[in-house]
>>> print(open('start-v1.cif').read())   # mmCIF, C-alpha atoms
data_work
loop_
_atom_site.label_atom_id
_atom_site.label_comp_id
_atom_site.auth_asym_id
_atom_site.auth_seq_id
_atom_site.Cartn_x
_atom_site.Cartn_y
_atom_site.Cartn_z
CA MET A 911 51.29 -9.60 57.15
CA HIS A 912 51.10 -11.27 60.57
CA ARG A 913 53.92 -13.69 59.76
CA PHE A 914 56.28 -10.74 59.23
CA ALA A 915 55.48 -9.55 62.77
CA ASN A 916 57.65 -12.34 64.12
CA PRO A 917 60.85 -10.72 65.47
CA ALA A 918 63.10 -13.58 64.33
CA ARG A 919 61.72 -13.46 60.80
CA PHE A 920 62.00 -9.68 60.80
CA LEU A 921 65.65 -9.84 61.85
CA ARG A 922 66.49 -12.23 59.01
CA ILE A 923 65.22 -9.57 56.59
CA ALA A 924 66.52 -6.52 58.50
CA ARG A 925 70.15 -7.62 58.87
CA PRO A 926 71.00 -7.57 55.14
CA ALA A 927 68.51 -4.76 54.40
CA THR A 928 70.10 -2.30 56.86
CA PRO A 929 73.49 -1.82 55.15
CA LEU A 930 71.87 -2.06 51.72
CA THR A 931 69.44 0.80 52.41
CA PHE A 932 72.07 2.86 54.22
CA TRP A 933 74.81 2.81 51.58
CA THR A 934 72.39 3.03 48.68
CA GLY A 935 70.55 5.91 50.33
CA LEU A 936 73.80 7.71 51.14
CA ALA A 937 74.97 7.43 47.53
CA ILE A 938 71.63 8.63 46.15
CA VAL A 939 71.42 11.55 48.60
CA ALA A 940 74.95 12.61 47.68
CA THR A 941 74.04 12.43 44.00
CA GLY A 942 70.79 14.35 44.46
CA LEU A 943 72.34 17.09 46.57
CA ALA A 944 75.35 17.50 44.28
CA TRP A 945 73.02 17.63 41.31
CA GLY A 946 70.76 20.17 42.98
CA VAL A 947 73.43 22.38 44.51
CA PHE A 948 76.00 22.48 41.71
CA LEU A 949 74.18 21.66 38.47
CA ALA A 950 70.52 22.67 38.83
CA PRO A 951 69.66 26.32 38.07
CA GLY A 952 68.64 28.84 40.70
CA ASP A 953 65.10 30.18 40.85
CA TYR A 954 64.29 33.36 38.95
CA LEU A 955 62.56 34.83 42.02
CA GLN A 956 64.23 33.17 45.02
CA GLY A 957 67.72 32.94 43.57
CA GLU A 958 70.22 30.58 45.16
CA SER A 959 68.20 30.17 48.38
CA VAL A 960 65.88 27.81 46.51
CA ARG A 961 68.60 25.13 46.75
CA MET A 962 67.39 24.54 50.30
CA LEU A 963 64.42 22.68 48.77
CA TYR A 964 66.61 19.62 48.09
CA VAL A 965 66.72 19.00 51.84
CA HIS A 966 63.63 20.82 53.07
CA VAL A 967 61.05 19.21 50.80
CA PRO A 968 62.20 15.57 51.21
CA THR A 969 62.34 15.92 55.00
CA ALA A 970 58.86 17.45 54.99
CA TRP A 971 57.45 14.59 52.92
CA LEU A 972 59.17 11.96 55.02
CA SER A 973 58.20 13.47 58.39
CA LEU A 974 54.55 13.29 57.28
CA SER A 975 54.94 9.76 55.92
CA ALA A 976 56.69 8.63 59.11
CA TYR A 977 53.86 9.96 61.25
CA LEU A 978 51.35 8.05 59.11
CA GLY A 979 53.48 4.96 59.76
CA LEU A 980 53.43 5.85 63.45
CA GLY A 981 49.63 5.89 63.38
CA ILE A 982 49.51 2.50 61.62
CA ALA A 983 51.92 1.05 64.18
CA GLY A 984 49.83 2.53 67.00
CA PHE A 985 46.67 0.98 65.56
CA SER A 986 48.43 -2.41 65.40
CA VAL A 987 49.54 -2.05 69.02
CA LEU A 988 46.02 -1.26 70.26
CA VAL A 989 44.12 -3.78 68.10
CA TRP A 990 46.47 -6.74 67.63
CA LYS A 991 48.96 -6.07 70.44
CA HIS A 992 51.90 -7.02 68.22
CA PRO A 993 55.22 -6.73 70.10
CA LEU A 994 56.95 -5.80 66.84
CA ALA A 995 54.47 -2.95 66.33
CA GLU A 996 55.59 -1.59 69.71
CA VAL A 997 59.16 -1.72 68.46
CA VAL A 998 58.19 0.11 65.26
CA LEU A 999 56.47 2.79 67.34
CA ALA A 1000 59.52 3.25 69.57
CA ALA A 1001 61.93 3.29 66.61
CA LEU A 1002 59.97 5.52 64.27
CA ALA A 1003 59.03 8.31 66.71
CA PRO A 1004 62.53 9.80 67.33
CA ILE A 1005 63.55 9.40 63.69
CA GLY A 1006 60.37 11.09 62.49
CA ALA A 1007 60.94 13.84 65.05
CA ALA A 1008 64.47 14.38 63.71
CA PHE A 1009 63.18 14.71 60.14
CA ALA A 1010 60.45 17.11 61.27
CA ALA A 1011 63.05 19.21 63.11
CA VAL A 1012 65.30 19.33 60.02
CA CYS A 1013 62.28 20.35 57.94
CA LEU A 1014 61.50 23.23 60.29
CA ILE A 1015 65.12 24.39 60.55
CA THR A 1016 65.74 24.33 56.80
CA GLY A 1017 62.39 26.00 56.19
CA SER A 1018 63.34 28.77 58.59
CA ILE A 1019 66.71 29.26 56.86
CA TRP A 1020 64.96 29.31 53.49
CA GLY A 1021 62.30 31.70 54.74
CA ARG A 1022 64.72 34.34 56.03
CA PRO A 1023 65.83 35.66 52.61
CA THR A 1024 62.52 34.77 50.93
CA TRP A 1025 60.05 36.23 53.43
CA GLY A 1026 62.37 38.52 55.38
CA THR A 1027 61.78 36.62 58.64
CA TRP A 1028 62.96 33.40 60.28
CA TRP A 1029 59.48 32.42 61.46
CA VAL A 1030 55.85 33.35 60.99
CA TRP A 1031 52.83 31.79 62.64
CA ASP A 1032 51.06 30.77 59.47
CA GLY A 1033 49.05 27.59 59.00
CA ARG A 1034 51.72 25.40 57.40
CA LEU A 1035 54.56 26.31 59.74
CA THR A 1036 52.42 26.11 62.86
CA SER A 1037 50.91 22.73 61.94
CA MET A 1038 54.40 21.38 61.18
CA LEU A 1039 55.55 22.57 64.60
CA VAL A 1040 52.56 20.75 66.11
CA LEU A 1041 53.71 17.62 64.25
CA LEU A 1042 57.11 17.87 65.94
CA PHE A 1043 55.42 18.26 69.33
CA LEU A 1044 53.25 15.20 68.60
CA TYR A 1045 56.37 13.16 67.89
CA LEU A 1046 57.93 14.37 71.13
CA GLY A 1047 54.70 13.62 72.99
CA VAL A 1048 54.67 10.02 71.74
CA ILE A 1049 58.31 9.62 72.80
CA ALA A 1050 57.60 11.09 76.24
CA LEU A 1051 54.55 8.87 76.83
CA MET A 1052 56.42 5.73 75.82
CA ARG A 1053 59.21 6.56 78.26
CA ALA A 1054 56.91 7.62 81.11
CA TYR A 1055 56.03 4.03 82.11
CA ASP A 1056 58.26 1.32 83.50
CA GLU A 1057 56.28 -1.29 81.58
CA PRO A 1058 57.11 -0.89 77.85
CA SER A 1059 53.77 -2.31 76.71
CA GLN A 1060 51.81 0.20 78.77
CA GLY A 1061 53.92 3.05 77.43
CA ALA A 1062 53.39 1.76 73.89
CA ARG A 1063 49.61 1.74 74.37
CA MET A 1064 49.55 5.31 75.64
CA GLY A 1065 51.89 6.45 72.89
CA SER A 1066 49.67 4.69 70.36
CA VAL A 1067 46.62 6.64 71.50
CA LEU A 1068 48.42 9.95 70.97
CA ALA A 1069 49.80 8.75 67.62
CA LEU A 1070 46.28 7.97 66.40
CA LEU A 1071 44.83 11.24 67.70
CA GLY A 1072 47.64 13.15 66.01
CA LEU A 1073 46.71 11.80 62.58
CA VAL A 1074 44.13 14.60 62.35
CA ASN A 1075 47.05 17.02 61.99
CA LEU A 1076 48.23 15.48 58.70
CA PRO A 1077 45.37 16.82 56.52
CA ILE A 1078 45.70 20.16 58.31
CA ILE A 1079 49.35 20.33 57.23
CA LYS A 1080 48.46 19.26 53.70
CA PHE A 1081 45.59 21.69 53.11
CA SER A 1082 46.67 24.59 55.35
CA VAL A 1083 47.93 26.63 52.39
CA GLU A 1084 44.51 26.25 50.75
CA TRP A 1085 42.33 26.79 53.80
CA TRP A 1086 44.14 29.89 55.11
CA ASN A 1087 45.96 32.86 53.61
CA THR A 1088 49.57 31.91 54.37
CA LEU A 1089 53.05 32.98 53.35
CA HIS A 1090 53.94 29.39 52.50
CA GLN A 1091 53.56 28.63 48.82
CA PRO A 1092 51.03 26.00 47.62
CA ALA A 1093 52.18 22.51 46.67
CA SER A 1094 54.32 22.50 43.52
CA ILE A 1095 53.98 18.72 43.05
CA THR A 1096 50.52 17.13 43.02
CA LEU A 1097 48.92 14.00 41.60
CA SER A 1098 47.98 15.97 38.50
CA GLY A 1099 51.55 17.08 37.77
CA SER A 1100 54.34 19.41 38.77
CA SER A 1101 54.95 23.13 38.32
CA ILE A 1102 58.69 22.68 39.00
CA ASP A 1103 60.99 22.73 35.99
CA SER A 1104 62.46 19.32 35.21
CA ALA A 1105 65.99 20.67 35.77
CA MET A 1106 65.04 21.14 39.44
CA LEU A 1107 62.45 18.37 39.75
CA TRP A 1108 64.70 15.41 39.01
CA PRO A 1109 67.42 16.24 41.55
CA LEU A 1110 64.65 16.89 44.08
CA LEU A 1111 63.09 13.46 43.49
CA THR A 1112 66.54 11.85 43.56
CA SER A 1113 67.28 13.47 46.90
CA ALA A 1114 63.87 12.38 48.23
CA VAL A 1115 64.51 8.74 47.30
CA GLY A 1116 67.90 8.85 49.00
CA PHE A 1117 66.52 10.38 52.19
CA ALA A 1118 63.73 7.78 52.22
CA LEU A 1119 66.29 4.98 52.09
CA LEU A 1120 68.34 6.61 54.85
CA MET A 1121 65.21 6.87 57.00
CA ALA A 1122 64.43 3.21 56.34
CA SER A 1123 67.98 2.27 57.32
CA ALA A 1124 67.78 4.30 60.54
CA VAL A 1125 64.46 2.69 61.47
CA LEU A 1126 65.82 -0.80 60.82
CA MET A 1127 68.94 -0.10 62.91
CA ARG A 1128 66.85 1.30 65.75
CA MET A 1129 64.42 -1.63 65.64
CA ARG A 1130 67.25 -4.15 65.73
CA ALA A 1131 68.76 -2.38 68.75
CA LEU A 1132 65.42 -2.30 70.57
CA ILE A 1133 64.79 -5.99 69.91
CA ALA A 1134 68.26 -6.80 71.27
CA GLU A 1135 67.57 -4.69 74.38
CA ARG A 1136 64.28 -6.52 74.97
CA LYS A 1137 65.99 -9.89 74.61
CA VAL A 1138 68.64 -8.91 77.15
CA ALA A 1139 65.98 -7.58 79.56
CA ALA A 1140 63.91 -10.77 79.24
CA ARG A 1141 66.98 -12.98 79.78
CA THR A 1142 68.03 -10.93 82.82
CA ALA A 1143 64.53 -11.24 84.28
CA ARG A 1144 64.54 -15.04 83.79
CA MET A 1145 67.95 -15.34 85.44
CA ALA A 1146 66.79 -13.24 88.37
CA MET A 1147 63.70 -15.42 88.82
CA ALA A 1148 65.80 -18.60 88.62
CA ALA A 1149 68.24 -17.25 91.18
CA ALA A 1150 65.39 -16.38 93.54
#
>>> encode(input="start-v1.cif", output="structure tokens")
Amino acid sequence: MHRFANPARFLRIARPATPLTFWTGLAIVATGLAWGVFLAPGDYLQGESVRMLYVHVPTAWLSLSAYLGLGIAGFSVLVWKHPLAEVVLAALAPIGAAFAAVCLITGSIWGRPTWGTWWVWDGRLTSMLVLLFLYLGVIALMRAYDEPSQGARMGSVLALLGLVNLPIIKFSVEWWNTLHQPASITLSGSSIDSAMLWPLLTSAVGFALLMASAVLMRMRALIAERKVAARTARMAMAAA
């Protein structure tokens, strides 16, 4: 694992992987959404509004997964002080925040015809909103310090503390009486009809690849910025 933390080795993998994940993800997302929107049946209770699930559910899954990755990166920053882990932290936080925001927006649009309201302060929605604020908090902490490593350490602390919110999101519909429906897909199986399940899973795979591509692009940009900053600092010292 440690040998992959070398920025030069990472870049050799990331350069070809970035366009591969982007174009593959884009094609799979287009397939999944077209399948779900035009070919999959509507729900017998929710009607056509259920088609929002092909965006809402994948972005919910991925925003949770990205925050778990944020916690792992934060742990690596605090324990092993890997520079590449700092880059992962800085790259993943805004992308995870974007996915969490899309999840909340699409959930609100879905909830309006289903529940008769755009928003309700139930356990699942509130804990997802907290997740978005945690992402924004990590971003703010990392940008609050002139020294990137110090900002990464402070952001890592919040990322680790915020991990406690993940099981709250997961089990909120079981712990409290909420409007949000329980999980339809679990380790023991799925209650979703296969005509809707397969386009959903297809869409989720596509969005996962697009997220991976975005993270790789952002990491490559951050590494380039750090190289330029380090070179500028060396030139300034030499000139002095």
>>> atom_distance(input="start-v1.cif", atom1="CA of Ala976 (chain A)", atom2="CA of Thr941 (chain A)")
23.3 Å
>>> closest_residue(input="start-v1.cif", among="A:Ala1007, A:Leu1111, A:Leu930, A:Ala1050", to="Leu963 (chain A)", atoms="all atoms listed in the file")
A:Leu1111
>>> residues_near_point(input="start-v1.cif", point="(45.8, 15.7, 64.5)", cutoff="12 Å", atoms="only C-alpha atoms", output="PDB file with C-alpha atoms, in the coordinates of the input")
ATOM      1  CA  LEU A 974      54.550  13.290  57.280  1.00  0.00           C
ATOM      2  CA  TYR A 977      53.860   9.960  61.250  1.00  0.00           C
ATOM      3  CA  LEU A 978      51.350   8.050  59.110  1.00  0.00           C
ATOM      4  CA  GLY A 981      49.630   5.890  63.380  1.00  0.00           C
ATOM      5  CA  SER A1037      50.910  22.730  61.940  1.00  0.00           C
ATOM      6  CA  MET A1038      54.400  21.380  61.180  1.00  0.00           C
ATOM      7  CA  LEU A1039      55.550  22.570  64.600  1.00  0.00           C
ATOM      8  CA  VAL A1040      52.560  20.750  66.110  1.00  0.00           C
ATOM      9  CA  LEU A1041      53.710  17.620  64.250  1.00  0.00           C
ATOM     10  CA  LEU A1042      57.110  17.870  65.940  1.00  0.00           C
ATOM     11  CA  PHE A1043      55.420  18.260  69.330  1.00  0.00           C
ATOM     12  CA  LEU A1044      53.250  15.200  68.600  1.00  0.00           C
ATOM     13  CA  TYR A1045      56.370  13.160  67.890  1.00  0.00           C
ATOM     14  CA  VAL A1067      46.620   6.640  71.500  1.00  0.00           C
ATOM     15  CA  LEU A1068      48.420   9.950  70.970  1.00  0.00           C
ATOM     16  CA  ALA A1069      49.800   8.750  67.620  1.00  0.00           C
ATOM     17  CA  LEU A1070      46.280   7.970  66.400  1.00  0.00           C
ATOM     18  CA  LEU A1071      44.830  11.240  67.700  1.00  0.00           C
ATOM     19  CA  GLY A1072      47.640  13.150  66.010  1.00  0.00           C
ATOM     20  CA  LEU A1073      46.710  11.800  62.580  1.00  0.00           C
ATOM     21  CA  VAL A1074      44.130  14.600  62.350  1.00  0.00           C
ATOM     22  CA  ASN A1075      47.050  17.020  61.990  1.00  0.00           C
ATOM     23  CA  LEU A1076      48.230  15.480  58.700  1.00  0.00           C
ATOM     24  CA  PRO A1077      45.370  16.820  56.520  1.00  0.00           C
ATOM     25  CA  ILE A1078      45.700  20.160  58.310  1.00  0.00           C
ATOM     26  CA  ILE A1079      49.350  20.330  57.230  1.00  0.00           C
ATOM     27  CA  LYS A1080      48.460  19.260  53.700  1.00  0.00           C
TER      28      LYS A1080
END
>>> atom_distance(input="start-v1.cif", atom1="CA of Val1138 (chain A)", atom2="CA of Pro926 (chain A)")
22.2 Å
>>> atom_distance(input="start-v1.cif", atom1="CA of Leu1035 (chain A)", atom2="CA of Phe1009 (chain A)")
14.5 Å
>>> resolve_selection(input="start-v1.cif", expression="the PyMOL selection byres ((chain A and resi 1121-1133) around 9)", output="ChimeraX atom specification")
/A:917,921,924-925,927-933,935,972,976,994,997-998,1000-1002,1005-1006,1009,1116-1120,1134-1138
>>> resolve_selection(input="start-v1.cif", expression="the PyMOL selection byres ((chain A and resi 1010-1024) around 7)", output="VMD selection string")
chain A and resid 956 959 962 966 969 to 970 973 1006 to 1009 1025 to 1029 1042
>>> axis_aligned_box(input="start-v1.cif", around="region 968-986 of chain A", padding_each_side="8 Å", output="lines of an AutoDock Vina configuration file")
center_x = 54.5
center_y = 7.5
center_z = 59.1
size_x = 31.7
size_y = 35.9
size_z = 31.8
>>> resolve_selection(input="start-v1.cif", expression="the PyMOL selection byres ((chain A and resi 1049) around 9)", output="list of chain:residue names")
A:Leu999, A:Ala1000, A:Ala1003, A:Pro1004, A:Leu1044, A:Tyr1045, A:Leu1046, A:Gly1047, A:Val1048, A:Ala1050, A:Leu1051, A:Met1052, A:Arg1053, A:Ala1054, A:Gly1065
>>> residues_around(input="start-v1.cif", residues="Ala950 (chain A)", least_positions_apart="4", cutoff="10 Å", atoms="all atoms listed in the file", output="count of residues only")
13
>>> closest_residue(input="start-v1.cif", among="A:Val939, A:Met1145, A:Ala918, A:Asp1056", to="Pro968 (chain A)", atoms="all atoms listed in the file")
A:Val939
>>> residues_near_point(input="start-v1.cif", point="(51.3, -5.9, 65.5)", cutoff="12 Å", atoms="only C-alpha atoms", output="ChimeraX atom specification")
/A:911-917,982-999,1062-1063,1066
>>> closest_residue(input="start-v1.cif", among="A:Val965, A:Arg1034, A:Gly1061, A:Ala1114", to="Val1083 (chain A)", atoms="all atoms listed in the file")
A:Arg1034
>>> closest_residue(input="start-v1.cif", among="A:Val1115, A:Leu980, A:Ile1102, A:Val960", to="Thr934 (chain A)", atoms="only C-alpha atoms")
A:Val1115
>>> closest_residue(input="start-v1.cif", among="A:Gly952, A:Ile923, A:Ser1113, A:Glu1084", to="Ala937 (chain A)", atoms="all atoms listed in the file")
A:Ser1113
>>> decode(input="start-v1.cif", residues="region 989-1117 of chain A", atoms="C-alpha atoms", output="PDB file, in the first residue's frame")
ATOM      1  CA  VAL A 989      -0.908   8.398  11.571  1.00  0.00           C
ATOM      2  CA  TRP A 990       1.457   8.065   8.600  1.00  0.00           C
ATOM      3  CA  LYS A 991       1.557  11.702   7.430  1.00  0.00           C
ATOM      4  CA  HIS A 992       1.384  10.645   3.771  1.00  0.00           C
ATOM      5  CA  PRO A 993       1.429  13.678   1.450  1.00  0.00           C
ATOM      6  CA  LEU A 994      -0.744  11.782  -1.033  1.00  0.00           C
ATOM      7  CA  ALA A 995      -3.330  11.166   1.698  1.00  0.00           C
ATOM      8  CA  GLU A 996      -3.534  14.945   2.133  1.00  0.00           C
ATOM      9  CA  VAL A 997      -4.204  15.221  -1.592  1.00  0.00           C
ATOM     10  CA  VAL A 998      -6.927  12.560  -1.373  1.00  0.00           C
ATOM     11  CA  LEU A 999      -8.530  14.457   1.502  1.00  0.00           C
ATOM     12  CA  ALA A1000      -8.489  17.745  -0.427  1.00  0.00           C
ATOM     13  CA  ALA A1001      -9.787  16.120  -3.619  1.00  0.00           C
ATOM     14  CA  LEU A1002     -12.490  13.933  -2.123  1.00  0.00           C
ATOM     15  CA  ALA A1003     -14.151  16.486   0.184  1.00  0.00           C
ATOM     16  CA  PRO A1004     -15.671  18.832  -2.471  1.00  0.00           C
ATOM     17  CA  ILE A1005     -16.661  15.940  -4.725  1.00  0.00           C
ATOM     18  CA  GLY A1006     -18.342  14.112  -1.843  1.00  0.00           C
ATOM     19  CA  ALA A1007     -20.073  17.356  -0.887  1.00  0.00           C
ATOM     20  CA  ALA A1008     -21.391  17.729  -4.446  1.00  0.00           C
ATOM     21  CA  PHE A1009     -22.811  14.194  -4.405  1.00  0.00           C
ATOM     22  CA  ALA A1010     -24.390  14.784  -0.988  1.00  0.00           C
ATOM     23  CA  ALA A1011     -25.961  18.007  -2.268  1.00  0.00           C
ATOM     24  CA  VAL A1012     -27.375  16.230  -5.344  1.00  0.00           C
ATOM     25  CA  CYS A1013     -28.748  13.510  -3.061  1.00  0.00           C
ATOM     26  CA  LEU A1014     -30.541  16.075  -0.903  1.00  0.00           C
ATOM     27  CA  ILE A1015     -31.888  18.057  -3.867  1.00  0.00           C
ATOM     28  CA  THR A1016     -33.201  15.009  -5.722  1.00  0.00           C
ATOM     29  CA  GLY A1017     -34.631  13.626  -2.488  1.00  0.00           C
ATOM     30  CA  SER A1018     -36.481  16.883  -1.926  1.00  0.00           C
ATOM     31  CA  ILE A1019     -37.867  16.843  -5.476  1.00  0.00           C
ATOM     32  CA  TRP A1020     -38.910  13.213  -5.014  1.00  0.00           C
ATOM     33  CA  GLY A1021     -40.442  13.936  -1.620  1.00  0.00           C
ATOM     34  CA  ARG A1022     -42.694  16.769  -2.803  1.00  0.00           C
ATOM     35  CA  PRO A1023     -45.228  14.592  -4.688  1.00  0.00           C
ATOM     36  CA  THR A1024     -44.654  11.567  -2.433  1.00  0.00           C
ATOM     37  CA  TRP A1025     -44.895  13.189   0.998  1.00  0.00           C
ATOM     38  CA  GLY A1026     -46.588  16.455   0.061  1.00  0.00           C
ATOM     39  CA  THR A1027     -43.627  18.539   1.278  1.00  0.00           C
ATOM     40  CA  TRP A1028     -40.169  19.519   0.037  1.00  0.00           C
ATOM     41  CA  TRP A1029     -38.498  18.907   3.396  1.00  0.00           C
ATOM     42  CA  VAL A1030     -39.170  17.329   6.757  1.00  0.00           C
ATOM     43  CA  TRP A1031     -36.843  17.135   9.727  1.00  0.00           C
ATOM     44  CA  ASP A1032     -36.815  13.378  10.040  1.00  0.00           C
ATOM     45  CA  GLY A1033     -33.807  11.269  11.004  1.00  0.00           C
ATOM     46  CA  ARG A1034     -32.595  10.303   7.533  1.00  0.00           C
ATOM     47  CA  LEU A1035     -32.909  13.733   5.935  1.00  0.00           C
ATOM     48  CA  THR A1036     -31.420  15.559   8.907  1.00  0.00           C
ATOM     49  CA  SER A1037     -28.444  13.201   9.214  1.00  0.00           C
ATOM     50  CA  MET A1038     -27.791  13.529   5.463  1.00  0.00           C
ATOM     51  CA  LEU A1039     -27.833  17.313   5.842  1.00  0.00           C
ATOM     52  CA  VAL A1040     -25.316  16.932   8.679  1.00  0.00           C
ATOM     53  CA  LEU A1041     -23.155  14.881   6.295  1.00  0.00           C
ATOM     54  CA  LEU A1042     -23.137  17.760   3.818  1.00  0.00           C
ATOM     55  CA  PHE A1043     -22.152  20.173   6.603  1.00  0.00           C
ATOM     56  CA  LEU A1044     -19.340  17.809   7.648  1.00  0.00           C
ATOM     57  CA  TYR A1045     -17.996  17.835   4.106  1.00  0.00           C
ATOM     58  CA  LEU A1046     -18.156  21.628   4.046  1.00  0.00           C
ATOM     59  CA  GLY A1047     -16.489  21.772   7.461  1.00  0.00           C
ATOM     60  CA  VAL A1048     -13.565  19.651   6.261  1.00  0.00           C
ATOM     61  CA  ILE A1049     -13.182  21.898   3.201  1.00  0.00           C
ATOM     62  CA  ALA A1050     -13.292  25.043   5.353  1.00  0.00           C
ATOM     63  CA  LEU A1051     -10.715  23.722   7.837  1.00  0.00           C
ATOM     64  CA  MET A1052      -8.318  22.688   5.090  1.00  0.00           C
ATOM     65  CA  ARG A1053      -8.527  26.156   3.553  1.00  0.00           C
ATOM     66  CA  ALA A1054      -8.291  28.036   6.852  1.00  0.00           C
ATOM     67  CA  TYR A1055      -4.510  27.554   7.198  1.00  0.00           C
ATOM     68  CA  ASP A1056      -1.722  28.876   5.023  1.00  0.00           C
ATOM     69  CA  GLU A1057       0.240  25.681   5.591  1.00  0.00           C
ATOM     70  CA  PRO A1058      -1.509  22.861   3.659  1.00  0.00           C
ATOM     71  CA  SER A1059      -0.251  20.138   6.006  1.00  0.00           C
ATOM     72  CA  GLN A1060      -1.677  21.885   9.059  1.00  0.00           C
ATOM     73  CA  GLY A1061      -5.013  22.350   7.315  1.00  0.00           C
ATOM     74  CA  ALA A1062      -4.989  18.677   6.307  1.00  0.00           C
ATOM     75  CA  ARG A1063      -4.419  17.604   9.919  1.00  0.00           C
ATOM     76  CA  MET A1064      -7.309  19.701  11.207  1.00  0.00           C
ATOM     77  CA  GLY A1065      -9.559  18.540   8.388  1.00  0.00           C
ATOM     78  CA  SER A1066      -8.574  14.957   9.161  1.00  0.00           C
ATOM     79  CA  VAL A1067      -9.687  15.304  12.772  1.00  0.00           C
ATOM     80  CA  LEU A1068     -13.146  16.489  11.695  1.00  0.00           C
ATOM     81  CA  ALA A1069     -13.322  13.763   9.020  1.00  0.00           C
ATOM     82  CA  LEU A1070     -12.670  11.093  11.657  1.00  0.00           C
ATOM     83  CA  LEU A1071     -15.124  12.581  14.149  1.00  0.00           C
ATOM     84  CA  GLY A1072     -17.767  12.755  11.439  1.00  0.00           C
ATOM     85  CA  LEU A1073     -17.613   9.010  10.821  1.00  0.00           C
ATOM     86  CA  VAL A1074     -20.040   8.576  13.722  1.00  0.00           C
ATOM     87  CA  ASN A1075     -22.717  10.101  11.483  1.00  0.00           C
ATOM     88  CA  LEU A1076     -22.539   7.249   8.939  1.00  0.00           C
ATOM     89  CA  PRO A1077     -24.259   4.598  11.111  1.00  0.00           C
ATOM     90  CA  ILE A1078     -26.784   7.246  12.168  1.00  0.00           C
ATOM     91  CA  ILE A1079     -27.689   7.784   8.508  1.00  0.00           C
ATOM     92  CA  LYS A1080     -27.822   4.042   7.882  1.00  0.00           C
ATOM     93  CA  PHE A1081     -30.006   3.090  10.844  1.00  0.00           C
ATOM     94  CA  SER A1082     -32.042   6.294  11.264  1.00  0.00           C
ATOM     95  CA  VAL A1083     -35.099   4.782   9.574  1.00  0.00           C
ATOM     96  CA  GLU A1084     -34.970   1.886  12.049  1.00  0.00           C
ATOM     97  CA  TRP A1085     -34.199   3.855  15.198  1.00  0.00           C
ATOM     98  CA  TRP A1086     -36.815   6.585  14.686  1.00  0.00           C
ATOM     99  CA  ASN A1087     -40.282   6.836  13.180  1.00  0.00           C
ATOM    100  CA  THR A1088     -39.498   8.656   9.929  1.00  0.00           C
ATOM    101  CA  LEU A1089     -41.194   9.433   6.640  1.00  0.00           C
ATOM    102  CA  HIS A1090     -38.230   8.032   4.733  1.00  0.00           C
ATOM    103  CA  GLN A1091     -38.759   4.449   3.666  1.00  0.00           C
ATOM    104  CA  PRO A1092     -36.479   1.652   4.976  1.00  0.00           C
ATOM    105  CA  ALA A1093     -33.668   0.290   2.821  1.00  0.00           C
ATOM    106  CA  SER A1094     -34.962  -1.622  -0.200  1.00  0.00           C
ATOM    107  CA  ILE A1095     -31.572  -3.236  -0.901  1.00  0.00           C
ATOM    108  CA  THR A1096     -29.753  -5.077   1.892  1.00  0.00           C
ATOM    109  CA  LEU A1097     -27.161  -7.842   2.176  1.00  0.00           C
ATOM    110  CA  SER A1098     -29.988 -10.362   2.422  1.00  0.00           C
ATOM    111  CA  GLY A1099     -31.631  -9.282  -0.844  1.00  0.00           C
ATOM    112  CA  SER A1100     -33.738  -6.638  -2.529  1.00  0.00           C
ATOM    113  CA  SER A1101     -37.417  -5.741  -2.405  1.00  0.00           C
ATOM    114  CA  ILE A1102     -37.141  -3.798  -5.689  1.00  0.00           C
ATOM    115  CA  ASP A1103     -38.462  -5.511  -8.806  1.00  0.00           C
ATOM    116  CA  SER A1104     -35.695  -6.579 -11.168  1.00  0.00           C
ATOM    117  CA  ALA A1105     -37.106  -4.315 -13.902  1.00  0.00           C
ATOM    118  CA  MET A1106     -36.178  -1.348 -11.691  1.00  0.00           C
ATOM    119  CA  LEU A1107     -33.229  -2.885  -9.834  1.00  0.00           C
ATOM    120  CA  TRP A1108     -30.952  -3.484 -12.811  1.00  0.00           C
ATOM    121  CA  PRO A1109     -31.116   0.047 -14.242  1.00  0.00           C
ATOM    122  CA  LEU A1110     -30.563   1.352 -10.706  1.00  0.00           C
ATOM    123  CA  LEU A1111     -27.418  -0.752 -10.255  1.00  0.00           C
ATOM    124  CA  THR A1112     -26.235   0.209 -13.741  1.00  0.00           C
ATOM    125  CA  SER A1113     -26.659   3.877 -12.918  1.00  0.00           C
ATOM    126  CA  ALA A1114     -24.841   3.392  -9.596  1.00  0.00           C
ATOM    127  CA  VAL A1115     -21.832   1.796 -11.311  1.00  0.00           C
ATOM    128  CA  GLY A1116     -21.692   4.652 -13.808  1.00  0.00           C
ATOM    129  CA  PHE A1117     -21.872   7.334 -11.125  1.00  0.00           C
TER     130      PHE A1117
END
